$ cat work.cif   # mmCIF, C-alpha atoms (C1' of nucleotides)
data_structure
#
loop_
_atom_site.label_atom_id
_atom_site.label_comp_id
_atom_site.auth_asym_id
_atom_site.auth_seq_id
_atom_site.Cartn_x
_atom_site.Cartn_y
_atom_site.Cartn_z
CA MET A 96 10.27 32.74 8.77
CA VAL A 97 8.86 30.20 6.32
CA LYS A 98 8.26 26.68 7.55
CA ILE A 99 7.16 23.52 5.73
CA VAL A 100 4.12 21.98 7.38
CA ASN A 101 3.23 19.36 4.82
CA VAL A 102 4.92 17.55 1.93
CA VAL A 103 3.02 15.52 -0.66
CA ALA A 104 5.12 13.09 -2.71
CA SER A 105 4.18 10.31 -5.07
CA GLY A 106 5.88 7.36 -6.65
CA SER A 107 5.27 4.18 -8.57
CA LEU A 108 6.30 0.58 -8.03
CA ASP A 109 6.29 -1.65 -11.07
CA VAL A 110 3.86 -4.07 -9.38
CA GLU A 111 0.13 -4.67 -9.25
CA PHE A 112 -1.23 -5.40 -5.80
CA ASP A 113 -4.13 -7.43 -4.51
CA LEU A 114 -5.11 -4.87 -1.90
CA GLU A 115 -7.25 -7.32 0.05
CA GLN A 116 -4.27 -9.64 0.43
CA VAL A 117 -1.77 -6.86 1.17
CA ALA A 118 -4.04 -5.45 3.88
CA THR A 119 -4.24 -8.88 5.51
CA ASP A 120 -0.47 -9.41 5.28
CA MET A 121 0.37 -5.99 6.67
CA GLY A 122 -1.91 -6.27 9.68
CA SER A 123 -2.34 -3.34 12.02
CA VAL A 124 -0.25 -0.81 10.06
CA ALA A 125 -2.74 -1.02 7.17
CA GLU A 126 -6.26 0.29 6.88
CA TYR A 127 -8.43 -0.88 4.00
CA SER A 128 -11.99 0.32 3.37
CA PRO A 129 -12.63 -0.31 -0.35
CA LYS A 130 -16.21 0.95 -0.18
CA LYS A 131 -14.95 4.30 1.08
CA TYR A 132 -11.92 4.66 -1.20
CA PRO A 133 -10.03 1.99 -3.22
CA VAL A 134 -6.64 2.19 -1.45
CA ILE A 135 -4.67 0.92 1.53
CA TYR A 136 -3.59 3.53 4.05
CA ILE A 137 -0.33 2.61 5.74
CA ARG A 138 0.95 4.29 8.89
CA PHE A 139 3.85 2.70 10.75
CA LYS A 140 3.54 4.82 13.90
CA ASP A 141 1.26 7.54 15.24
CA ASP A 142 2.16 11.06 14.08
CA THR A 143 4.20 9.83 11.11
CA PRO A 144 3.42 10.41 7.43
CA LEU A 145 0.65 8.45 5.76
CA ILE A 146 1.17 6.27 2.69
CA THR A 147 -1.74 5.76 0.33
CA LEU A 148 -1.16 2.66 -1.79
CA TYR A 149 -3.09 1.91 -4.96
CA ARG A 150 -3.83 -1.38 -6.71
CA THR A 151 -1.65 -0.25 -9.64
CA GLY A 152 1.46 0.09 -7.45
CA LYS A 153 1.33 3.86 -7.34
CA TYR A 154 1.55 5.49 -3.94
CA ILE A 155 1.36 8.87 -2.23
CA ILE A 156 3.16 9.99 0.93
CA THR A 157 1.48 12.85 2.80
CA GLY A 158 2.14 14.55 6.10
CA SER A 159 5.95 14.86 6.02
CA GLU A 160 7.52 18.00 7.41
CA SER A 161 10.49 18.03 5.05
CA LYS A 162 11.52 16.59 1.71
CA GLN A 163 14.14 14.51 3.49
CA GLN A 164 11.56 13.01 5.82
CA SER A 165 9.50 12.15 2.79
CA ARG A 166 12.47 10.42 1.14
CA ASN A 167 13.36 8.59 4.34
CA PHE A 168 9.81 7.43 4.66
CA ARG A 169 9.84 6.12 1.10
CA GLU A 170 12.96 4.10 1.97
CA GLU A 171 11.25 2.66 5.03
CA PHE A 172 8.19 1.79 2.97
CA LEU A 173 10.19 0.06 0.21
CA ASN A 174 12.22 -1.89 2.74
CA PHE A 175 9.06 -2.95 4.52
CA LEU A 176 7.56 -4.25 1.25
CA SER A 177 10.81 -5.98 0.36
CA ASN A 178 11.24 -7.60 3.78
CA ASN A 179 7.70 -8.91 3.60
CA GLN A 180 8.26 -10.32 0.09
CA MET A 181 5.66 -7.99 -1.44
CA ILE A 182 8.22 -6.67 -3.91
CA THR A 183 11.45 -8.33 -4.99
CA THR A 184 13.89 -5.43 -4.76
CA PRO A 185 13.60 -2.22 -2.73
CA LYS A 186 13.49 -0.03 -5.84
CA ASP A 187 10.72 1.91 -7.49
CA GLU A 188 10.14 3.33 -10.96
CA TRP A 189 9.95 6.97 -10.02
CA PHE A 190 9.43 9.17 -7.00
CA CYS A 191 8.91 12.92 -6.81
CA ILE A 192 7.82 15.74 -4.54
CA GLN A 193 4.48 17.05 -5.79
CA ASN A 194 3.49 19.76 -3.37
CA LEU A 195 4.71 21.69 -0.36
CA VAL A 196 2.49 23.53 2.11
CA CYS A 197 4.37 26.27 3.97
CA THR A 198 3.38 28.81 6.58
CA GLY A 199 4.82 32.23 7.31
CA GLU A 200 4.20 35.17 9.61
CA LEU A 201 4.23 38.78 8.41
CA ASP A 202 4.16 40.15 11.99
CA GLN A 203 1.47 42.72 11.27
CA SER A 204 -2.28 42.70 10.97
CA LEU A 205 -3.66 43.47 7.53
CA ASN A 206 -6.70 45.05 5.94
CA LEU A 207 -7.57 42.47 3.35
CA ASN A 208 -10.05 44.69 1.52
CA THR A 209 -7.41 47.28 0.65
CA LEU A 210 -4.74 44.62 0.12
CA THR A 211 -6.88 42.96 -2.56
CA VAL A 212 -6.94 46.20 -4.53
CA ASP A 213 -3.25 46.99 -3.90
CA LEU A 214 -2.01 43.56 -4.96
CA GLY A 215 -4.26 43.70 -8.02
CA LEU A 216 -7.75 42.37 -8.60
CA GLU A 217 -6.53 40.12 -11.41
CA VAL A 218 -4.28 38.15 -9.04
CA THR A 219 -6.44 38.11 -5.92
CA GLU A 220 -9.74 36.70 -4.74
CA TYR A 221 -11.26 37.82 -1.47
CA GLU A 222 -14.76 36.83 -0.46
CA PRO A 223 -14.87 36.92 3.36
CA GLU A 224 -18.35 35.44 3.40
CA GLN A 225 -17.01 32.39 1.63
CA PHE A 226 -13.56 32.12 3.21
CA PRO A 227 -11.76 34.52 5.61
CA GLY A 228 -8.45 34.46 3.75
CA LEU A 229 -7.31 36.40 0.71
CA ILE A 230 -6.29 34.15 -2.17
CA TYR A 231 -3.28 35.53 -3.97
CA ARG A 232 -1.77 34.03 -7.14
CA PRO A 233 1.59 35.75 -7.63
CA SER A 234 2.40 36.23 -11.33
CA GLY A 235 5.28 34.14 -12.60
CA PHE A 236 4.56 31.30 -10.19
CA THR A 237 2.11 28.41 -10.11
CA SER A 238 1.86 28.88 -6.36
CA VAL A 239 -1.14 30.09 -4.40
CA VAL A 240 -0.78 32.17 -1.25
CA LEU A 241 -3.48 32.48 1.39
CA ILE A 242 -3.14 35.74 3.33
CA PHE A 243 -5.06 36.32 6.55
CA ALA A 244 -5.94 39.48 8.45
CA SER A 245 -3.76 38.26 11.34
CA GLY A 246 -0.68 38.48 9.10
CA ARG A 247 -0.32 34.72 8.81
CA VAL A 248 0.20 33.29 5.34
CA VAL A 249 -0.01 29.85 3.80
CA ILE A 250 1.97 29.13 0.63
CA THR A 251 1.11 26.04 -1.39
CA GLY A 252 1.37 24.59 -4.87
CA ILE A 253 5.18 24.54 -5.10
CA GLN A 254 7.78 21.75 -5.22
CA ASP A 255 10.74 23.74 -3.98
CA PHE A 256 11.23 25.32 -0.56
CA ASP A 257 13.51 28.04 -2.02
CA ILE A 258 10.61 29.21 -4.16
CA ALA A 259 8.33 29.34 -1.11
CA GLN A 260 10.89 31.61 0.56
CA GLU A 261 11.20 33.73 -2.57
CA ILE A 262 7.43 34.15 -2.73
CA PHE A 263 7.20 34.99 0.97
CA ILE A 264 9.88 37.69 0.68
CA SER A 265 8.15 39.10 -2.39
CA VAL A 266 4.79 39.24 -0.57
CA ARG A 267 6.41 40.81 2.51
CA ASN A 268 8.17 43.45 0.38
CA LYS A 269 5.01 44.26 -1.56
CA ILE A 270 3.03 44.70 1.65
CA SER A 271 5.69 46.87 3.26
CA GLU A 272 5.78 49.08 0.13
CA ILE A 273 2.00 49.42 0.25
CA THR A 274 1.88 50.24 3.97
CA ASN A 275 4.72 52.77 3.60
CA THR A 276 2.97 54.70 0.85
CA GLU A 277 -0.32 54.89 2.74
"C1'" DT B 108 -32.85 4.93 -30.51
"C1'" DG B 109 -29.51 2.75 -28.05
"C1'" DA B 110 -24.80 1.30 -27.20
"C1'" DG B 111 -20.31 2.70 -26.27
"C1'" DC B 112 -16.77 5.80 -25.28
"C1'" DG B 113 -14.49 9.97 -23.84
"C1'" DG B 114 -14.26 13.65 -20.67
"C1'" DC B 115 -15.42 15.67 -16.43
"C1'" DT B 116 -16.46 15.86 -11.30
"C1'" DC B 117 -16.42 14.07 -6.86
"C1'" DC B 118 -14.56 11.10 -3.39
"C1'" DT B 119 -10.05 10.68 0.11
"C1'" DT B 120 -5.48 12.07 2.55
"C1'" DA B 121 -2.16 15.53 4.74
"C1'" DT B 122 -1.48 20.52 6.34
"C1'" DA B 123 -1.57 25.42 7.79
"C1'" DT B 124 -4.79 29.40 8.02
"C1'" DA B 125 -9.83 31.81 9.97
"C1'" DT B 126 -14.77 32.29 10.23
"C1'" DC B 127 -19.23 30.82 10.09
"C1'" DA B 128 -23.25 27.63 11.46
"C1'" DG B 129 -25.08 24.11 14.12
"C1'" DC B 130 -24.77 21.02 17.71
"C1'" DT B 131 -23.73 19.31 22.49
"C1'" DT B 132 -22.67 20.12 27.28
"C1'" DC B 133 -22.62 22.59 31.46
"C1'" DG B 134 -23.83 25.79 35.07
"C1'" DG B 135 -26.98 28.78 37.28
"C1'" DC C 273 -34.99 25.68 31.12
"C1'" DC C 274 -32.12 28.93 29.07
"C1'" DG C 275 -27.83 31.26 27.93
"C1'" DA C 276 -23.03 30.66 27.41
"C1'" DA C 277 -19.20 28.09 26.24
"C1'" DG C 278 -16.97 24.65 23.73
"C1'" DC C 279 -16.65 21.52 19.98
"C1'" DT C 280 -17.33 19.92 15.09
"C1'" DG C 281 -17.75 20.42 10.43
"C1'" DA C 282 -18.27 23.12 6.63
"C1'" DT C 283 -15.97 26.97 3.69
"C1'" DA C 284 -10.83 27.59 0.33
"C1'" DT C 285 -5.75 26.26 -1.41
"C1'" DA C 286 -2.37 22.80 -3.65
"C1'" DT C 287 -1.18 17.88 -5.11
"C1'" DA C 288 -0.99 12.91 -6.41
"C1'" DA C 289 -3.86 8.68 -7.14
"C1'" DG C 290 -8.30 4.96 -9.02
"C1'" DG C 291 -13.11 4.29 -9.12
"C1'" DA C 292 -17.94 5.56 -9.59
"C1'" DG C 293 -21.25 8.18 -11.63
"C1'" DC C 294 -22.93 11.46 -14.91
"C1'" DC C 295 -23.22 13.98 -19.26
"C1'" DG C 296 -22.68 14.67 -24.12
"C1'" DC C 297 -21.27 13.04 -28.46
"C1'" DT C 298 -20.71 9.72 -32.30
"C1'" DC C 299 -21.90 5.80 -34.94
"C1'" DA C 300 -24.60 1.93 -36.21
#
$ encode --input "work.cif" --output "structure tokens"
Amino acid sequence: MVKIVNVVASGSLDVEFDLEQVATDMGSVAEYSPKKYPVIYIRFKDDTPLITLYRTGKYIITGSESKQQSRNFREEFLNFLSNNQMITTPKDEWFCIQNLVCTGELDQSLNLNTLTVDLGLEVTEYEPEQFPGLIYRPSGFTSVVLIFASGRVVITGIQDFDIAQEIFISVRNKISEITNTE
DNA sequence: TGAGCGGCTCCTTATATATCAGCTTCGG
DNA sequence: CCGAAGCTGATATATAAGGAGCCGCTCA
């Protein structure tokens, strides 16, 4: 019903890196284009999450499909740095999940013009000429939900999958109430 | 009037979603 | 040579990060 499609996590190592040197040491798994953006992109295999490493030792992991995959990937990253003598111990200062992107399917097509009014103009934005989805900011959450005429939804801005499910159920219930009273 | 500093915005990455414009390619 | 089809890149959402550039403000 609700599925995680992307996890963004970040962490910090208590080390400053010479990115030029690290990129050389890492070889083909690293991509370094300082003129484009001052980081090293690290990808161990195709279709695996991407690590963005900063000079300051901070890093971001994007593209995981679960929190666990994100954590596993962090482990792999720390071990890689440790095994290559880039850090002394495979430990970091902090690590946390920053954002989840989830998708859901309401199994019915929707009239976004009427839905904008029914959900409330103060919590929705719908400008089809700008973007085809309805932007819904459910009260009580920091999350943003994109609702499309096809019935597909995208939920983002949360750190917890349970909350994504809670929001999805709430949206589904609201829409079924609205369609029942019409 | 100019130096310096703080705050702000944009850049980039992943990812789903959908719709537009503009471009390339292909067939008749 | 032209229309159709397909592809690409914008549009918007969240989030972390460091650097560059810009703007406004303060103080000498």
$ interface_residues --input "work.cif" --of "chain A" --to "chain B" --cutoff "9 Å" --atoms "only C-alpha atoms (C1' of nucleotides)" --output "PyMOL selection string"
chain A and resi 100-103+131-132+136+144-147+155-159+196-198+223-228+241-245+247-250
$ resolve_selection --input "work.cif" --expression "the PyMOL selection byres ((chain C) within 9 of (chain A))" --output "PDB file with C-alpha atoms (C1' of nucleotides), in the coordinates of the input"
ATOM      1  C1'  DT C 283     -15.970  26.970   3.690  1.00  0.00           C
ATOM      2  C1'  DA C 284     -10.830  27.590   0.330  1.00  0.00           C
ATOM      3  C1'  DT C 285      -5.750  26.260  -1.410  1.00  0.00           C
ATOM      4  C1'  DA C 286      -2.370  22.800  -3.650  1.00  0.00           C
ATOM      5  C1'  DT C 287      -1.180  17.880  -5.110  1.00  0.00           C
ATOM      6  C1'  DA C 288      -0.990  12.910  -6.410  1.00  0.00           C
ATOM      7  C1'  DA C 289      -3.860   8.680  -7.140  1.00  0.00           C
ATOM      8  C1'  DG C 290      -8.300   4.960  -9.020  1.00  0.00           C
ATOM      9  C1'  DG C 291     -13.110   4.290  -9.120  1.00  0.00           C
TER      10       DG C 291
END
$ atom_distance --input "work.cif" --atom1 "atom CA of Thr219 of chain A" --atom2 "atom CA of Arg232 of chain A"
6.3 Å
$ axis_aligned_box --input "work.cif" --around "segment 279-296 of chain C" --padding-each-side "3 Å" --output "JSON"
{"center_x": -12.1, "center_y": 15.9, "center_z": -2.1, "size_x": 28.2, "size_y": 29.3, "size_z": 50.1}
$ atom_distance --input "work.cif" --atom1 "atom CA of Gln116 of chain A" --atom2 "atom CA of Asn179 of chain A"
12.4 Å
$ atom_distance --input "work.cif" --atom1 "atom CA of Phe175 of chain A" --atom2 "atom CA of Phe139 of chain A"
9.9 Å
$ resolve_selection --input "work.cif" --expression "the PyMOL selection byres ((chain A and resi 109) around 10)" --output "ChimeraX atom specification"
/A:107-108,110-112,151-153,182,186-189
